[in-house]
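Peer 1: Sharing a structure with you now.
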Number of protein chains: 2
Amino acid sequence: MSDLGSPDPTLSTRPAHAAPHPLADLALPAEAQDLLFREARTANTFTDEPVTDEQVAAIYDLVKYAPTAMNIQPLRILLIRDEEPRARLLKHMADGNRDKTASAPLVAVLAADTDFHEHLPRTFPHFPGAKDNFADPVAREQTARFNAALQIGYFLVGVRAADLAAGPMGGFDAPGIDEEFFAGRPLKSLLVVNLGRPGENAWFDRLPRLDHHEVVLSAGA
Amino acid sequence: MSDLGSPDPTLSTRPAHAAPHPLADLALPAEAQDLLFREARTANTFTDEPVTDEQVAAIYDLVKYAPTAMNIQPLRILLIRDEEPRARLLKHMADGNRDKTASAPLVAVLAADTDFHEHLPRTFPHFPGAKDNFADPVAREQTARFNAALQIGYFLVGVRAADLAAGPMGGFDAPGIDEEFFAGRPLKSLLVVNLGRPGENAWFDRLPRLDHHEVVLSAGA
């Protein structure tokens, strides 16, 4: 919003990325803001402490309530912990992501189910035609990818709600992972995420965020 | 995960969508879980209470810290409050979304900036070649859409952190909105969201969520 965001050097000389906003106007307590957003960081190293199935279940049972279009819920979460499937995963990771993916206590491949519409008679029961709305496979895959990405946003917040660190990675061979783990199934991998407690030197310095006036625009009358 | 999620009728006869998970394994306090996920609902009606620019600024200054690939931050938020731009927006909304979009105190058009890479010399400064990584416009738009969708997930959580209700809508003419509000600019609208305090009969019954075993899969050794 141009009238709000114009930088005014008389007000602050702190760089925007280092300046926590006053807590006014948020109902969420400051400690929870820190846990989920302000202090949470993308981790590149992890301790050996396991991430349990119960922790993943608690995360899913929190974030499943966040909204998707027509309640389609296309996100699928493939957990990789053991040595054999992990070796199969590492083949498809970009070089710079391989070591940390090898050492994280748990890795999640986040994917979109492009046949999400099969669940709609149960998950959107008041509209019997819902499933037929998604007959076109090209449009359906687009819808699956977009809504699964929303749910990935919720999931990463949920990981932090469990006091775990996430290391999301886009650098991998998606068709290779799909063939390796999802052959014959309608799943498309979108993101690979390392999960665990942060280890030594787990993160780099916080990178600059865009200023409010660069992101929030106003359609004036 | 098949060994965790199999429904066991001896344990519970409550439908999954009505059964809050025990709070074990989450560091986020129960009240914050309720505010952001368990009690929060998609609203279809709103009170007249305004949503202020300061509230939007507080939301952005919280959710901006959540991660995007290479810190690209492609989400843009167009705020529509006044009568004239709102009338221009309503033309492009699906019939079933028009009345609530007309009456919400504030409407946000959430869009992806497909020229996000112009900011990378500042926002990803340790890798001078970052901008050139995104020279291909087709791949760049895909990256923009995916990461903006992640950020929309964060944004919807942030709206709830401000104790506001969101009404996200996918039913609109996206090219029409882009031409109407973003002509000549590299922005692609992804979602339109009504914002405000919930009004009378603001929501329908909670729809069923998928069970854990339908979503969380395990790559066994």
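Labels used: A, B, ... for chains in the order of the structure tokens, numbers from 1 for residues in each chain, and numbers from 1 for ligands as shown.
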Can you build me a table of chain A residues sitting at most 6 Å from chain B, with the closest atom pair per residue and its distance in Å to one decimal, using only C-alpha atoms, sorted by chain and residue number, as a tab-separated table?
Peer 2:
```
residue	atom	partner	partner_atom	distance
A:His21	CA	B:Asp61	CA	5.9
A:Asp25	CA	B:Gln55	CA	5.5
A:Leu26	CA	B:Ala162	CA	4.1
A:Ala27	CA	B:Ala162	CA	5.1
A:Leu28	CA	B:Ala161	CA	4.9
A:Phe37	CA	B:Tyr65	CA	5.6
A:Gln55	CA	B:Asp25	CA	5.5
A:Asp61	CA	B:His21	CA	5.9
A:Tyr65	CA	B:Phe37	CA	5.6
A:Ala66	CA	B:Phe37	CA	5.8
A:Arg76	CA	B:Val215	CA	4.8
A:Ile77	CA	B:Val216	CA	4.7
A:Leu78	CA	B:Leu217	CA	4.7
A:Leu79	CA	B:Ser218	CA	4.9
A:Ile80	CA	B:Ala219	CA	5.5
A:Asp82	CA	B:Ala221	CA	5.8
A:Glu84	CA	B:Ala221	CA	5.4
A:Pro85	CA	B:Ala221	CA	5.9
A:Thr123	CA	B:Pro208	CA	5.2
A:Ala149	CA	B:Leu150	CA	5.2
A:Leu150	CA	B:Gly153	CA	4.5
A:Gly153	CA	B:Leu150	CA	4.5
A:Tyr154	CA	B:Gly153	CA	5.6
A:Ala161	CA	B:Leu28	CA	4.9
A:Ala162	CA	B:Leu26	CA	4.1
A:Asp163	CA	B:Ala27	CA	5.6
A:Pro208	CA	B:Thr123	CA	5.2
A:Val215	CA	B:Arg76	CA	4.8
A:Val216	CA	B:Ile77	CA	4.7
A:Leu217	CA	B:Leu78	CA	4.7
A:Ser218	CA	B:Leu79	CA	4.8
A:Ala219	CA	B:Ile80	CA	5.5
A:Ala221	CA	B:Glu84	CA	5.4
```
Peer 1: Mind checking DSSP for region 105-164 of chain A and telling me the strand (DSSP E or B) residues as a VMD selection string?
Peer 2: chain A and resid 106 to 113
Peer 1: Keeping only all heavy atoms, write the selected residues to a file as an mmCIF file, in the first residue's frame.
Peer 2:
```
data_model
loop_
_atom_site.group_PDB
_atom_site.id
_atom_site.type_symbol
_atom_site.label_atom_id
_atom_site.label_comp_id
_atom_site.auth_asym_id
_atom_site.auth_seq_id
_atom_site.Cartn_x
_atom_site.Cartn_y
_atom_site.Cartn_z
ATOM 1 N N LEU A 106 14.135 -37.517 9.600
ATOM 2 C CA LEU A 106 12.955 -37.913 8.827
ATOM 3 C C LEU A 106 12.863 -36.998 7.612
ATOM 4 O O LEU A 106 13.162 -35.807 7.703
ATOM 5 C CB LEU A 106 11.677 -37.775 9.677
ATOM 6 C CG LEU A 106 10.374 -38.268 9.036
ATOM 7 C CD1 LEU A 106 10.397 -39.784 8.819
ATOM 8 C CD2 LEU A 106 9.169 -37.882 9.894
ATOM 9 N N VAL A 107 12.456 -37.581 6.489
ATOM 10 C CA VAL A 107 12.261 -36.805 5.265
ATOM 11 C C VAL A 107 10.824 -37.019 4.799
ATOM 12 O O VAL A 107 10.322 -38.152 4.826
ATOM 13 C CB VAL A 107 13.237 -37.238 4.155
ATOM 14 C CG1 VAL A 107 13.134 -36.298 2.957
ATOM 15 C CG2 VAL A 107 14.668 -37.282 4.679
ATOM 16 N N ALA A 108 10.174 -35.937 4.396
ATOM 17 C CA ALA A 108 8.813 -36.035 3.873
ATOM 18 C C ALA A 108 8.813 -35.573 2.418
ATOM 19 O O ALA A 108 9.293 -34.484 2.108
ATOM 20 C CB ALA A 108 7.858 -35.176 4.696
ATOM 21 N N VAL A 109 8.284 -36.422 1.545
ATOM 22 C CA VAL A 109 8.026 -36.007 0.167
ATOM 23 C C VAL A 109 6.576 -35.548 0.122
ATOM 24 O O VAL A 109 5.662 -36.329 0.394
ATOM 25 C CB VAL A 109 8.258 -37.169 -0.821
ATOM 26 C CG1 VAL A 109 7.884 -36.740 -2.236
ATOM 27 C CG2 VAL A 109 9.700 -37.653 -0.769
ATOM 28 N N LEU A 110 6.387 -34.271 -0.186
ATOM 29 C CA LEU A 110 5.037 -33.701 -0.218
ATOM 30 C C LEU A 110 4.548 -33.712 -1.660
ATOM 31 O O LEU A 110 5.221 -33.200 -2.559
ATOM 32 C CB LEU A 110 5.053 -32.286 0.353
ATOM 33 C CG LEU A 110 5.607 -32.196 1.785
ATOM 34 C CD1 LEU A 110 5.583 -30.751 2.269
ATOM 35 C CD2 LEU A 110 4.831 -33.097 2.736
ATOM 36 N N ALA A 111 3.391 -34.295 -1.868
ATOM 37 C CA ALA A 111 2.912 -34.546 -3.230
ATOM 38 C C ALA A 111 1.440 -34.162 -3.348
ATOM 39 O O ALA A 111 0.714 -34.071 -2.352
ATOM 40 C CB ALA A 111 3.095 -36.023 -3.579
ATOM 41 N N ALA A 112 1.013 -33.950 -4.581
ATOM 42 C CA ALA A 112 -0.396 -33.671 -4.871
ATOM 43 C C ALA A 112 -1.040 -34.920 -5.457
ATOM 44 O O ALA A 112 -0.488 -35.528 -6.382
ATOM 45 C CB ALA A 112 -0.502 -32.517 -5.862
ATOM 46 N N ASP A 113 -2.196 -35.287 -4.925
ATOM 47 C CA ASP A 113 -2.973 -36.393 -5.469
ATOM 48 C C ASP A 113 -3.888 -35.828 -6.561
ATOM 49 O O ASP A 113 -4.848 -35.120 -6.267
ATOM 50 C CB ASP A 113 -3.806 -37.035 -4.358
ATOM 51 C CG ASP A 113 -4.594 -38.256 -4.849
ATOM 52 O OD1 ASP A 113 -4.673 -38.473 -6.083
ATOM 53 O OD2 ASP A 113 -5.128 -38.988 -3.992
#
```
Peer 1: Write down as a PyMOL selection string the residues of region 22-122 of chain B whose backbone DSSP state falls under alpha helix (DSSP H).
Peer 2: chain B and resi 30-33+53-63+83-90+95-103+120-122
Peer 1: Can you tell me how far CA of Gln142 (chain B) sits from CA of Pro186 (chain B), in Å to one decimal?
Peer 2: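 Interatomic distance here is 13.1 Å.
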Peer 1: Quick one: everything within 7 Å of Asn44 (chain B), counting only C-alpha atoms, minus sequence neighbours fewer than 4 positions away in the same chain. Send it as number ranges by chain.
Peer 2: B: 100, 167, 202-203
Peer 1: Using the selection just defined, write its residues with N, CA and C atoms as an mmCIF file, in the first residue's frame.
Peer 2:
```cif
data_model
loop_
_atom_site.group_PDB
_atom_site.id
_atom_site.type_symbol
_atom_site.label_atom_id
_atom_site.label_comp_id
_atom_site.auth_asym_id
_atom_site.auth_seq_id
_atom_site.Cartn_x
_atom_site.Cartn_y
_atom_site.Cartn_z
ATOM 1 N N LYS B 100 -21.227 -12.075 -1.264
ATOM 2 C CA LYS B 100 -20.354 -11.991 -0.085
ATOM 3 C C LYS B 100 -19.132 -11.111 -0.346
ATOM 4 N N GLY B 167 -12.425 -15.665 3.917
ATOM 5 C CA GLY B 167 -13.301 -16.405 3.022
ATOM 6 C C GLY B 167 -12.618 -16.533 1.672
ATOM 7 N N ALA B 202 -22.257 -17.402 9.762
ATOM 8 C CA ALA B 202 -21.071 -17.173 8.926
ATOM 9 C C ALA B 202 -20.573 -18.450 8.264
ATOM 10 N N TRP B 203 -20.887 -19.609 8.833
ATOM 11 C CA TRP B 203 -20.310 -20.823 8.249
ATOM 12 C C TRP B 203 -21.272 -21.986 8.248
#
```
Peer 1: Can you pull out every residue within 6 Å of Pro198 (chain B), counting only C-alpha atoms, but drop anything in the same chain fewer than 6 positions away, and send it as a list of chain:residue names?
Peer 2: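 Contacts, with the query itself left out: B:Ala43, B:Thr45, B:Phe46.
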Peer 1: If you keep N, CA and C atoms, can you produce a file of those selected residues as a short mmCIF file (atom, residue, chain, number, x, y, z; two decimals), in the first residue's frame?
Peer 2:
```
data_model
loop_
_atom_site.label_atom_id
_atom_site.label_comp_id
_atom_site.auth_asym_id
_atom_site.auth_seq_id
_atom_site.Cartn_x
_atom_site.Cartn_y
_atom_site.Cartn_z
N ALA B 43 -15.33 -18.07 6.46
CA ALA B 43 -16.55 -17.29 6.71
C ALA B 43 -17.23 -16.90 5.40
N THR B 45 -20.22 -14.81 5.76
CA THR B 45 -20.83 -13.51 6.07
C THR B 45 -19.90 -12.79 7.05
N PHE B 46 -20.03 -11.45 7.06
CA PHE B 46 -19.13 -10.63 7.88
C PHE B 46 -19.92 -9.51 8.54
#
```
Peer 1: Mind checking which residues fall within 9 Å of Pro50 (chain A), counting only C-alpha atoms, ignoring those fewer than 6 positions away in the same chain, and posting them as a PDB file with all heavy atoms, in the first residue's frame?
Peer 2:
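Result written to selection.pdb:
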```pdb
ATOM      1  N   ALA A 104      19.089 -36.084   7.834  1.00  0.00           N
ATOM      2  CA  ALA A 104      17.914 -35.662   8.614  1.00  0.00           C
ATOM      3  C   ALA A 104      17.227 -36.884   9.213  1.00  0.00           C
ATOM      4  O   ALA A 104      17.173 -37.939   8.576  1.00  0.00           O
ATOM      5  CB  ALA A 104      16.938 -34.901   7.724  1.00  0.00           C
ATOM      6  N   PRO A 105      16.692 -36.768  10.434  1.00  0.00           N
ATOM      7  CA  PRO A 105      16.042 -37.932  11.053  1.00  0.00           C
ATOM      8  C   PRO A 105      14.828 -38.424  10.261  1.00  0.00           C
ATOM      9  O   PRO A 105      14.534 -39.617  10.275  1.00  0.00           O
ATOM     10  CB  PRO A 105      15.629 -37.435  12.440  1.00  0.00           C
ATOM     11  CG  PRO A 105      16.077 -36.045  12.569  1.00  0.00           C
ATOM     12  CD  PRO A 105      16.802 -35.618  11.342  1.00  0.00           C
ATOM     13  N   LEU A 106      14.135 -37.517   9.600  1.00  0.00           N
ATOM     14  CA  LEU A 106      12.955 -37.913   8.827  1.00  0.00           C
ATOM     15  C   LEU A 106      12.863 -36.998   7.612  1.00  0.00           C
ATOM     16  O   LEU A 106      13.162 -35.807   7.703  1.00  0.00           O
ATOM     17  CB  LEU A 106      11.677 -37.775   9.677  1.00  0.00           C
ATOM     18  CG  LEU A 106      10.374 -38.268   9.036  1.00  0.00           C
ATOM     19  CD1 LEU A 106      10.397 -39.784   8.819  1.00  0.00           C
ATOM     20  CD2 LEU A 106       9.169 -37.882   9.894  1.00  0.00           C
ATOM     21  N   GLY A 196      13.385 -32.332  11.711  1.00  0.00           N
ATOM     22  CA  GLY A 196      14.140 -32.722  12.891  1.00  0.00           C
ATOM     23  C   GLY A 196      14.356 -31.544  13.818  1.00  0.00           C
ATOM     24  O   GLY A 196      13.784 -30.466  13.619  1.00  0.00           O
ATOM     25  N   ARG A 197      15.167 -31.798  14.836  1.00  0.00           N
ATOM     26  CA  ARG A 197      15.605 -30.691  15.700  1.00  0.00           C
ATOM     27  C   ARG A 197      16.837 -30.076  15.070  1.00  0.00           C
ATOM     28  O   ARG A 197      17.707 -30.805  14.569  1.00  0.00           O
ATOM     29  CB  ARG A 197      15.972 -31.208  17.088  1.00  0.00           C
ATOM     30  CG  ARG A 197      14.909 -31.996  17.767  1.00  0.00           C
ATOM     31  CD  ARG A 197      13.996 -31.139  18.596  1.00  0.00           C
ATOM     32  NE  ARG A 197      13.024 -31.987  19.275  1.00  0.00           N
ATOM     33  CZ  ARG A 197      11.836 -31.575  19.696  1.00  0.00           C
ATOM     34  NH1 ARG A 197      11.454 -30.331  19.501  1.00  0.00           N
ATOM     35  NH2 ARG A 197      11.031 -32.409  20.310  1.00  0.00           N
TER      36      ARG A 197
END
```
Peer 1: At what distance in Å, to one decimal, does CA of Glu118 (chain A) lie from CA of Pro137 (chain A)?
Peer 2: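 Between these atoms lies a distance of 12.6 Å.
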